[in-house]
$ cat coords38.txt   # compact mmCIF, C-alpha atoms
# COMPACT_ATOMS: atom_id res chain seq x y z
CA MET A 59 0.00 0.00 0.00
CA LYS A 60 1.10 3.58 -0.67
CA HIS A 61 1.67 4.63 2.91
CA ASP A 62 2.77 1.47 4.70
CA GLY A 63 4.81 2.26 7.78
CA LYS A 64 4.14 5.98 7.66
CA ILE A 65 2.85 8.02 10.60
CA ALA A 66 0.30 10.64 9.57
CA LEU A 67 -1.29 13.43 11.58
CA VAL A 68 -4.59 14.82 10.32
CA THR A 69 -5.89 17.89 12.13
CA GLY A 70 -9.64 18.37 12.28
CA ALA A 71 -10.09 14.65 11.58
CA SER A 72 -13.42 14.00 13.26
CA ARG A 73 -15.68 14.94 10.34
CA GLY A 74 -15.96 15.99 6.72
CA ILE A 75 -12.81 16.33 4.64
CA GLY A 76 -10.48 15.61 7.56
CA LYS A 77 -12.29 12.37 8.33
CA ALA A 78 -12.16 11.25 4.69
CA ILE A 79 -8.41 11.96 4.51
CA ALA A 80 -7.77 10.08 7.75
CA LEU A 81 -9.73 7.04 6.55
CA HIS A 82 -8.00 7.08 3.17
CA LEU A 83 -4.49 7.24 4.65
CA ALA A 84 -5.33 4.48 7.13
CA ARG A 85 -6.66 2.23 4.34
CA GLU A 86 -3.36 2.76 2.53
CA GLY A 87 -1.32 1.56 5.48
CA ALA A 88 -0.50 4.68 7.47
CA GLU A 89 -0.84 4.83 11.24
CA VAL A 90 -3.03 7.88 11.68
CA VAL A 91 -3.15 10.40 14.50
CA LEU A 92 -6.63 11.91 14.57
CA ASN A 93 -6.63 15.42 15.97
CA TYR A 94 -9.88 16.98 17.15
CA ARG A 95 -10.89 20.07 19.09
CA ARG A 96 -14.30 19.25 20.56
CA SER A 97 -16.04 16.37 18.78
CA LYS A 98 -14.85 13.46 20.93
CA SER A 99 -17.74 11.15 20.06
CA GLU A 100 -17.32 11.79 16.33
CA CYS A 101 -13.59 11.18 16.55
CA GLU A 102 -14.16 7.95 18.45
CA ALA A 103 -16.49 6.86 15.64
CA VAL A 104 -13.68 7.45 13.13
CA LEU A 105 -11.33 5.40 15.31
CA GLU A 106 -13.85 2.55 15.31
CA GLU A 107 -14.26 2.74 11.54
CA ILE A 108 -10.50 2.50 11.05
CA ALA A 109 -10.29 -0.44 13.46
CA ASP A 110 -13.12 -2.21 11.61
CA PHE A 111 -11.09 -2.43 8.39
CA GLY A 112 -7.90 -3.36 10.25
CA GLY A 113 -6.25 0.05 10.28
CA SER A 114 -4.34 1.68 13.09
CA ALA A 115 -5.01 5.07 14.67
CA ILE A 116 -5.00 7.08 17.88
CA ALA A 117 -6.88 10.27 18.78
CA ILE A 118 -5.46 13.36 20.45
CA ARG A 119 -7.56 16.30 21.55
CA ALA A 120 -5.85 19.65 20.98
CA ASP A 121 -6.90 23.10 19.87
CA VAL A 122 -4.22 23.77 17.26
CA GLY A 123 -5.05 27.46 17.47
CA HIS A 124 -3.03 27.46 20.73
CA ALA A 125 0.72 26.97 20.39
CA GLU A 126 1.13 25.28 23.81
CA LYS A 127 -1.62 22.72 23.14
CA THR A 128 -0.14 22.02 19.72
CA GLU A 129 3.29 21.40 21.22
CA ALA A 130 1.75 19.07 23.81
CA MET A 131 0.12 17.06 21.00
CA PHE A 132 3.46 16.67 19.24
CA HIS A 133 5.08 15.52 22.47
CA VAL A 134 2.53 12.68 22.53
CA ILE A 135 3.27 11.82 18.90
CA ASN A 136 7.01 11.77 19.63
CA ASP A 137 6.52 9.57 22.69
CA GLU A 138 4.21 7.21 20.79
CA TYR A 139 6.02 6.93 17.45
CA GLY A 140 9.28 8.87 17.58
CA LYS A 141 8.66 10.37 14.16
CA LEU A 142 6.08 11.84 11.78
CA ASP A 143 5.95 11.32 8.01
CA ILE A 144 2.80 13.18 6.97
CA LEU A 145 1.05 16.28 8.28
CA ILE A 146 -2.37 17.18 6.88
CA ALA A 147 -3.22 20.67 8.16
CA ASN A 148 -6.96 20.56 7.71
CA ALA A 149 -8.32 22.14 10.90
CA SER A 150 -9.81 25.59 10.51
CA PHE A 151 -12.19 27.84 12.36
CA GLY A 152 -13.33 31.36 11.61
CA ILE A 153 -15.90 33.92 12.66
CA PRO A 154 -18.02 34.95 9.66
CA GLY A 155 -19.51 38.36 8.93
CA ASN A 156 -18.53 41.58 7.21
CA ILE A 157 -14.87 42.47 7.45
CA LEU A 158 -15.59 46.03 8.62
CA ASP A 159 -17.45 44.56 11.60
CA ALA A 160 -14.58 42.30 12.62
CA THR A 161 -13.12 43.03 16.05
CA ASN A 162 -9.55 42.34 17.12
CA ARG A 163 -10.87 39.30 18.94
CA TYR A 164 -12.43 37.97 15.71
CA TRP A 165 -9.12 38.49 13.90
CA ASP A 166 -7.13 36.72 16.61
CA ILE A 167 -9.48 33.72 16.86
CA THR A 168 -9.71 33.28 13.09
CA PHE A 169 -6.02 33.74 12.29
CA ASN A 170 -4.91 31.56 15.21
CA ALA A 171 -7.16 28.66 14.20
CA THR A 172 -6.78 28.98 10.42
CA SER A 173 -3.24 30.09 9.66
CA ARG A 174 -1.05 30.36 12.76
CA SER A 175 -2.13 26.82 13.60
CA ILE A 176 -0.47 25.62 10.40
CA LEU A 177 2.78 27.36 11.28
CA HIS A 178 2.77 25.83 14.77
CA CYS A 179 2.05 22.37 13.35
CA ALA A 180 4.62 22.66 10.56
CA ILE A 181 7.44 23.73 12.90
CA ASN A 182 6.74 20.84 15.26
CA ALA A 183 6.21 18.37 12.42
CA ALA A 184 9.48 19.29 10.72
CA ASN A 185 11.35 18.43 13.93
CA LEU A 186 9.91 14.90 13.68
CA MET A 187 10.80 14.51 9.99
CA PRO A 188 14.62 14.14 10.00
CA ASN A 189 14.49 11.98 6.86
CA GLY A 190 11.89 14.06 5.07
CA GLY A 191 8.12 13.94 4.80
CA ASN A 192 5.03 15.61 3.41
CA ILE A 193 2.87 18.51 4.56
CA VAL A 194 -0.44 19.29 2.87
CA THR A 195 -2.59 22.27 3.84
CA VAL A 196 -6.31 22.50 3.13
CA THR A 197 -7.85 25.84 2.24
CA SER A 198 -10.67 27.26 0.09
CA TYR A 199 -11.59 29.78 -2.58
CA GLY A 200 -11.82 32.41 0.16
CA GLY A 201 -8.12 33.20 -0.09
CA GLN A 202 -8.49 34.30 -3.71
CA ARG A 203 -12.06 35.53 -3.97
CA VAL A 204 -14.17 37.78 -1.76
CA LEU A 205 -17.01 35.51 -0.66
CA PRO A 206 -20.19 36.85 0.94
CA GLY A 207 -20.00 36.81 4.74
CA TYR A 208 -16.46 35.43 4.75
CA GLY A 209 -15.14 38.58 6.39
CA VAL A 210 -11.88 37.97 8.18
CA VAL A 211 -11.86 34.30 7.14
CA GLY A 212 -10.81 35.32 3.62
CA PRO A 213 -7.61 37.08 4.71
CA ALA A 214 -6.82 34.14 6.99
CA LYS A 215 -7.20 31.75 4.06
CA ALA A 216 -4.96 34.00 1.95
CA ALA A 217 -2.37 33.77 4.73
CA VAL A 218 -2.56 29.97 4.47
CA GLU A 219 -1.56 30.21 0.82
CA GLY A 220 1.41 32.47 1.48
CA LEU A 221 2.50 30.39 4.44
CA THR A 222 2.28 27.17 2.44
CA ARG A 223 4.54 28.57 -0.28
CA SER A 224 7.08 29.92 2.23
CA LEU A 225 7.18 26.61 4.09
CA ALA A 226 7.61 24.77 0.79
CA VAL A 227 10.72 26.77 -0.07
CA GLU A 228 12.30 26.58 3.38
CA LEU A 229 11.57 22.88 3.95
CA ALA A 230 12.36 21.51 0.47
CA PRO A 231 16.12 21.27 1.22
CA LYS A 232 15.18 19.01 4.16
CA ASN A 233 13.25 16.70 1.79
CA ILE A 234 9.94 17.86 3.28
CA VAL A 235 7.50 18.45 0.44
CA VAL A 236 4.81 21.05 1.13
CA ASN A 237 1.69 21.65 -0.98
CA GLY A 238 -1.93 22.64 -0.54
CA VAL A 239 -5.35 21.64 -1.81
CA MET A 240 -8.24 23.97 -2.48
CA PRO A 241 -11.56 22.11 -2.60
CA GLY A 242 -14.65 23.72 -4.06
CA ILE A 243 -18.07 23.41 -2.43
CA THR A 244 -17.90 19.97 -0.85
CA ASP A 245 -20.78 17.66 0.00
CA THR A 246 -20.38 17.32 3.77
CA LYS A 247 -22.70 17.06 6.75
CA SER A 248 -21.97 20.71 7.54
CA LEU A 249 -23.05 21.76 4.05
CA ARG A 250 -26.24 19.74 4.30
CA ALA A 251 -27.09 21.56 7.57
CA ILE A 252 -27.17 24.99 5.87
CA GLU A 253 -30.53 26.67 5.35
CA ASN A 254 -31.77 26.49 1.73
CA VAL A 255 -29.06 23.93 0.98
CA ASP A 256 -31.03 22.35 -1.87
CA SER A 257 -30.96 25.56 -3.89
CA ILE A 258 -27.23 25.98 -3.16
CA ILE A 259 -26.49 22.44 -4.32
CA GLU A 260 -28.55 22.91 -7.46
CA ARG A 261 -26.78 26.17 -8.33
CA VAL A 262 -23.29 24.79 -7.69
CA THR A 263 -24.02 21.62 -9.63
CA ASN A 264 -25.27 23.62 -12.60
CA ASP A 265 -22.22 25.90 -12.46
CA THR A 266 -19.75 23.00 -12.30
CA PRO A 267 -18.59 21.56 -15.65
CA ALA A 268 -18.23 18.11 -14.06
CA GLY A 269 -21.90 18.29 -13.09
CA ARG A 270 -21.68 17.39 -9.42
CA LEU A 271 -20.39 18.55 -6.05
CA VAL A 272 -16.95 17.67 -4.76
CA THR A 273 -16.99 14.82 -2.23
CA PRO A 274 -14.62 14.46 0.73
CA ASP A 275 -13.25 11.33 -0.94
CA ASP A 276 -12.33 13.38 -4.03
CA VAL A 277 -10.18 15.57 -1.79
CA ALA A 278 -8.69 12.61 0.07
CA ASP A 279 -7.58 11.00 -3.21
CA VAL A 280 -5.58 14.09 -4.19
CA VAL A 281 -4.10 14.59 -0.71
CA SER A 282 -2.95 10.97 -0.62
CA PHE A 283 -1.28 11.33 -4.02
CA LEU A 284 0.56 14.48 -2.90
CA CYS A 285 2.09 12.41 -0.08
CA THR A 286 3.66 9.86 -2.43
CA PRO A 287 7.09 9.87 -4.16
CA ALA A 288 5.27 10.31 -7.49
CA ALA A 289 4.46 13.88 -6.41
CA SER A 290 7.90 14.74 -5.03
CA MET A 291 8.54 17.47 -7.60
CA ILE A 292 5.22 19.19 -6.99
CA VAL A 293 6.35 21.81 -4.48
CA GLY A 294 4.50 24.80 -3.09
CA GLN A 295 1.46 24.33 -5.31
CA PHE A 296 -2.27 24.47 -4.66
CA ILE A 297 -4.35 21.84 -6.39
CA ILE A 298 -7.91 23.06 -7.02
CA ILE A 299 -10.44 20.26 -6.64
CA ASP A 300 -13.79 21.52 -7.91
CA GLY A 301 -14.76 19.85 -11.19
CA GLY A 302 -13.82 22.95 -13.15
CA ALA A 303 -16.01 25.46 -11.30
CA PHE A 304 -13.21 27.92 -10.53
CA ILE A 305 -11.98 28.28 -14.12
CA LYS A 306 -15.54 28.65 -15.37
CA GLY A 307 -15.98 31.68 -13.11
$ encode --input "coords38.txt" --output "structure tokens"
Amino acid sequence: MKHDGKIALVTGASRGIGKAIALHLAREGAEVVLNYRRSKSECEAVLEEIADFGGSAIAIRADVGHAEKTEAMFHVINDEYGKLDILIANASFGIPGNILDATNRYWDITFNATSRSILHCAINAANLMPNGGNIVTVTSYGGQRVLPGYGVVGPAKAAVEGLTRSLAVELAPKNIVVNGVMPGITDTKSLRAIENVDSIIERVTNDTPAGRLVTPDDVADVVSFLCTPAASMIVGQFIIIDGGAFIKG
């Protein structure tokens, strides 16, 4: 299997895209560390699912928006495995609204959880990758387009892009390959909980050349590929996964 013997950390792994990535890596032989912030029961369900198909995983609760809690999580990973091969920086949290209404508190919460968290994770991960590894960040259109109600989340997503590229350049000499993925509107439980979701799904489907929404598994397939030797010369790039919606405009 593609990732036999590898240790992979997936932040925000209890649901949606993070869950799909964690399951995919586990099916391909990686031992997966599932990070979660609050959803203990959901994370335990992912652990059970991995165990059911014979995979291996542990769960660690940590708010990666806090540097000290992030460092504590990596201490556990070091004690448990002594190394890390793959970091999937998927966790994100932001306060929506208009940007002119954003307070300093909104900025701090959103940037800590969405972009500073990646820096904290990458620094700690690199220390556990003496022989190289892979880091993949997960972001969205919000870093390149002004989306309604995205407010301060958009600038935080833009920071993820800049940070990913900077990390890619600085870590490449250490054989740590850094890239990002940018999924379009993805069919998750969170999406399905939005008011008037049926009309949103219909509009997005009609506007997507591929004729359907992105699924979490679509994203997991690309992330897994980026963590293989076949992708070793893809460095500092963002792969858009949206069935052609972005280029259609």
$ atom_distance --input "coords38.txt" --atom1 "atom CA of Lys247 of chain A" --atom2 "atom CA of Ile135 of chain A"
29.1 Å
$ closest_atom_pairs --input "coords38.txt" --of "segment 160-245 of chain A" --to "segment 294-298 of chain A" --cutoff "7 Å" --atoms "all atoms listed in the file" --output "JSON lines"
{"residue": "A:Thr222", "atom": "CA", "partner": "A:Gly294", "partner_atom": "CA", "distance": 6.4}
{"residue": "A:Arg223", "atom": "CA", "partner": "A:Gly294", "partner_atom": "CA", "distance": 4.7}
{"residue": "A:Ala226", "atom": "CA", "partner": "A:Gly294", "partner_atom": "CA", "distance": 5.0}
{"residue": "A:Val236", "atom": "CA", "partner": "A:Gly294", "partner_atom": "CA", "distance": 5.7}
{"residue": "A:Asn237", "atom": "CA", "partner": "A:Gly294", "partner_atom": "CA", "distance": 4.7}
{"residue": "A:Gly238", "atom": "CA", "partner": "A:Phe296", "partner_atom": "CA", "distance": 4.5}
{"residue": "A:Val239", "atom": "CA", "partner": "A:Ile297", "partner_atom": "CA", "distance": 4.7}
{"residue": "A:Met240", "atom": "CA", "partner": "A:Ile298", "partner_atom": "CA", "distance": 4.6}
{"residue": "A:Pro241", "atom": "CA", "partner": "A:Ile298", "partner_atom": "CA", "distance": 5.8}
$ atom_distance --input "coords38.txt" --atom1 "atom CA of Asp62 of chain A" --atom2 "atom CA of Thr286 of chain A"
11.0 Å
$ atom_distance --input "coords38.txt" --atom1 "atom CA of Glu260 of chain A" --atom2 "atom CA of Ser282 of chain A"
29.1 Å
$ closest_residue --input "coords38.txt" --among "A:Leu83, A:Ala88, A:Leu186, A:Val196" --to "Gly70 of chain A" --atoms "all atoms listed in the file"
A:Val196
$ closest_residue --input "coords38.txt" --among "A:Ser224, A:Thr246, A:Ser257, A:Ser290" --to "Val272 of chain A" --atoms "all atoms listed in the file"
A:Thr246
$ residues_around --input "coords38.txt" --residues "Phe151 of chain A" --least-positions-apart "5" --cutoff "9 Å" --atoms "only C-alpha atoms" --output "list in words"
Gly123, Ile167, Thr168, Phe169, Asn170, Ala171, Thr172 and Val211 of chain A
$ write_last_selection --input "coords38.txt" --atoms "C-alpha atoms" --output "mmCIF file, in the frame of the given file"
data_model
loop_
_atom_site.group_PDB
_atom_site.id
_atom_site.type_symbol
_atom_site.label_atom_id
_atom_site.label_comp_id
_atom_site.auth_asym_id
_atom_site.auth_seq_id
_atom_site.Cartn_x
_atom_site.Cartn_y
_atom_site.Cartn_z
ATOM 1 C CA GLY A 123 -5.050 27.460 17.470
ATOM 2 C CA ILE A 167 -9.480 33.720 16.860
ATOM 3 C CA THR A 168 -9.710 33.280 13.090
ATOM 4 C CA PHE A 169 -6.020 33.740 12.290
ATOM 5 C CA ASN A 170 -4.910 31.560 15.210
ATOM 6 C CA ALA A 171 -7.160 28.660 14.200
ATOM 7 C CA THR A 172 -6.780 28.980 10.420
ATOM 8 C CA VAL A 211 -11.860 34.300 7.140
#
$ closest_residue --input "coords38.txt" --among "A:Ala71, A:Ala216, A:Ala78, A:Leu142" --to "Glu102 of chain A" --atoms "all atoms listed in the file"
A:Ala71
$ closest_residue --input "coords38.txt" --among "A:Asn148, A:Gln202, A:Thr128, A:Asn136" --to "Ile75 of chain A" --atoms "all atoms listed in the file"
A:Asn148
$ closest_residue --input "coords38.txt" --among "A:Thr69, A:Ser114, A:Thr161, A:Asn192" --to "Gly209 of chain A" --atoms "all atoms listed in the file"
A:Thr161
$ decode --input "coords38.txt" --residues "segment 81-107 of chain A" --atoms "N, CA and C atoms" --output "PDB file, in the first residue's frame"
ATOM      1  N   LEU A  81      -9.327   8.389   6.949  1.00  0.00           N
ATOM      2  CA  LEU A  81      -9.730   7.038   6.553  1.00  0.00           C
ATOM      3  C   LEU A  81      -8.922   6.557   5.348  1.00  0.00           C
ATOM      4  N   HIS A  82      -8.736   7.444   4.389  1.00  0.00           N
ATOM      5  CA  HIS A  82      -8.004   7.083   3.169  1.00  0.00           C
ATOM      6  C   HIS A  82      -6.556   6.704   3.498  1.00  0.00           C
ATOM      7  N   LEU A  83      -5.882   7.525   4.297  1.00  0.00           N
ATOM      8  CA  LEU A  83      -4.494   7.238   4.651  1.00  0.00           C
ATOM      9  C   LEU A  83      -4.386   5.937   5.447  1.00  0.00           C
ATOM     10  N   ALA A  84      -5.350   5.709   6.338  1.00  0.00           N
ATOM     11  CA  ALA A  84      -5.332   4.479   7.134  1.00  0.00           C
ATOM     12  C   ALA A  84      -5.527   3.250   6.249  1.00  0.00           C
ATOM     13  N   ARG A  85      -6.431   3.352   5.268  1.00  0.00           N
ATOM     14  CA  ARG A  85      -6.658   2.226   4.343  1.00  0.00           C
ATOM     15  C   ARG A  85      -5.402   1.927   3.529  1.00  0.00           C
ATOM     16  N   GLU A  86      -4.576   2.951   3.329  1.00  0.00           N
ATOM     17  CA  GLU A  86      -3.365   2.756   2.530  1.00  0.00           C
ATOM     18  C   GLU A  86      -2.144   2.465   3.396  1.00  0.00           C
ATOM     19  N   GLY A  87      -2.388   2.093   4.643  1.00  0.00           N
ATOM     20  CA  GLY A  87      -1.320   1.559   5.478  1.00  0.00           C
ATOM     21  C   GLY A  87      -0.707   2.486   6.499  1.00  0.00           C
ATOM     22  N   ALA A  88      -1.086   3.758   6.497  1.00  0.00           N
ATOM     23  CA  ALA A  88      -0.504   4.684   7.474  1.00  0.00           C
ATOM     24  C   ALA A  88      -1.113   4.463   8.857  1.00  0.00           C
ATOM     25  N   GLU A  89      -0.301   4.729   9.881  1.00  0.00           N
ATOM     26  CA  GLU A  89      -0.840   4.833  11.237  1.00  0.00           C
ATOM     27  C   GLU A  89      -1.221   6.290  11.421  1.00  0.00           C
ATOM     28  N   VAL A  90      -2.491   6.525  11.731  1.00  0.00           N
ATOM     29  CA  VAL A  90      -3.026   7.881  11.676  1.00  0.00           C
ATOM     30  C   VAL A  90      -3.292   8.431  13.071  1.00  0.00           C
ATOM     31  N   VAL A  91      -2.829   9.656  13.286  1.00  0.00           N
ATOM     32  CA  VAL A  91      -3.148  10.399  14.500  1.00  0.00           C
ATOM     33  C   VAL A  91      -4.303  11.329  14.165  1.00  0.00           C
ATOM     34  N   LEU A  92      -5.434  11.100  14.802  1.00  0.00           N
ATOM     35  CA  LEU A  92      -6.626  11.905  14.572  1.00  0.00           C
ATOM     36  C   LEU A  92      -6.653  13.044  15.577  1.00  0.00           C
ATOM     37  N   ASN A  93      -6.526  14.256  15.088  1.00  0.00           N
ATOM     38  CA  ASN A  93      -6.632  15.415  15.972  1.00  0.00           C
ATOM     39  C   ASN A  93      -8.048  15.962  15.925  1.00  0.00           C
ATOM     40  N   TYR A  94      -8.566  16.343  17.091  1.00  0.00           N
ATOM     41  CA  TYR A  94      -9.881  16.977  17.147  1.00  0.00           C
ATOM     42  C   TYR A  94      -9.875  18.033  18.236  1.00  0.00           C
ATOM     43  N   ARG A  95     -10.817  18.980  18.112  1.00  0.00           N
ATOM     44  CA  ARG A  95     -10.886  20.071  19.090  1.00  0.00           C
ATOM     45  C   ARG A  95     -11.987  19.835  20.113  1.00  0.00           C
ATOM     46  N   ARG A  96     -13.162  19.417  19.649  1.00  0.00           N
ATOM     47  CA  ARG A  96     -14.297  19.248  20.563  1.00  0.00           C
ATOM     48  C   ARG A  96     -15.045  17.933  20.369  1.00  0.00           C
ATOM     49  N   SER A  97     -15.118  17.460  19.128  1.00  0.00           N
ATOM     50  CA  SER A  97     -16.045  16.371  18.781  1.00  0.00           C
ATOM     51  C   SER A  97     -15.480  15.004  19.161  1.00  0.00           C
ATOM     52  N   LYS A  98     -15.425  14.715  20.466  1.00  0.00           N
ATOM     53  CA  LYS A  98     -14.846  13.462  20.930  1.00  0.00           C
ATOM     54  C   LYS A  98     -15.619  12.256  20.414  1.00  0.00           C
ATOM     55  N   SER A  99     -16.947  12.301  20.494  1.00  0.00           N
ATOM     56  CA  SER A  99     -17.744  11.152  20.064  1.00  0.00           C
ATOM     57  C   SER A  99     -17.577  10.893  18.575  1.00  0.00           C
ATOM     58  N   GLU A 100     -17.521  11.964  17.765  1.00  0.00           N
ATOM     59  CA  GLU A 100     -17.323  11.787  16.326  1.00  0.00           C
ATOM     60  C   GLU A 100     -15.943  11.226  16.028  1.00  0.00           C
ATOM     61  N   CYS A 101     -14.941  11.678  16.759  1.00  0.00           N
ATOM     62  CA  CYS A 101     -13.586  11.183  16.555  1.00  0.00           C
ATOM     63  C   CYS A 101     -13.480   9.709  16.953  1.00  0.00           C
ATOM     64  N   GLU A 102     -14.157   9.351  18.031  1.00  0.00           N
ATOM     65  CA  GLU A 102     -14.161   7.947  18.451  1.00  0.00           C
ATOM     66  C   GLU A 102     -14.819   7.068  17.396  1.00  0.00           C
ATOM     67  N   ALA A 103     -15.842   7.606  16.719  1.00  0.00           N
ATOM     68  CA  ALA A 103     -16.495   6.862  15.643  1.00  0.00           C
ATOM     69  C   ALA A 103     -15.535   6.628  14.475  1.00  0.00           C
ATOM     70  N   VAL A 104     -14.682   7.615  14.184  1.00  0.00           N
ATOM     71  CA  VAL A 104     -13.677   7.452  13.127  1.00  0.00           C
ATOM     72  C   VAL A 104     -12.652   6.391  13.542  1.00  0.00           C
ATOM     73  N   LEU A 105     -12.246   6.417  14.803  1.00  0.00           N
ATOM     74  CA  LEU A 105     -11.325   5.396  15.310  1.00  0.00           C
ATOM     75  C   LEU A 105     -11.912   4.003  15.120  1.00  0.00           C
ATOM     76  N   GLU A 106     -13.191   3.851  15.446  1.00  0.00           N
ATOM     77  CA  GLU A 106     -13.850   2.554  15.306  1.00  0.00           C
ATOM     78  C   GLU A 106     -13.910   2.115  13.851  1.00  0.00           C
ATOM     79  N   GLU A 107     -14.192   3.062  12.961  1.00  0.00           N
ATOM     80  CA  GLU A 107     -14.261   2.741  11.539  1.00  0.00           C
ATOM     81  C   GLU A 107     -12.906   2.260  11.021  1.00  0.00           C
TER      82      GLU A 107
END
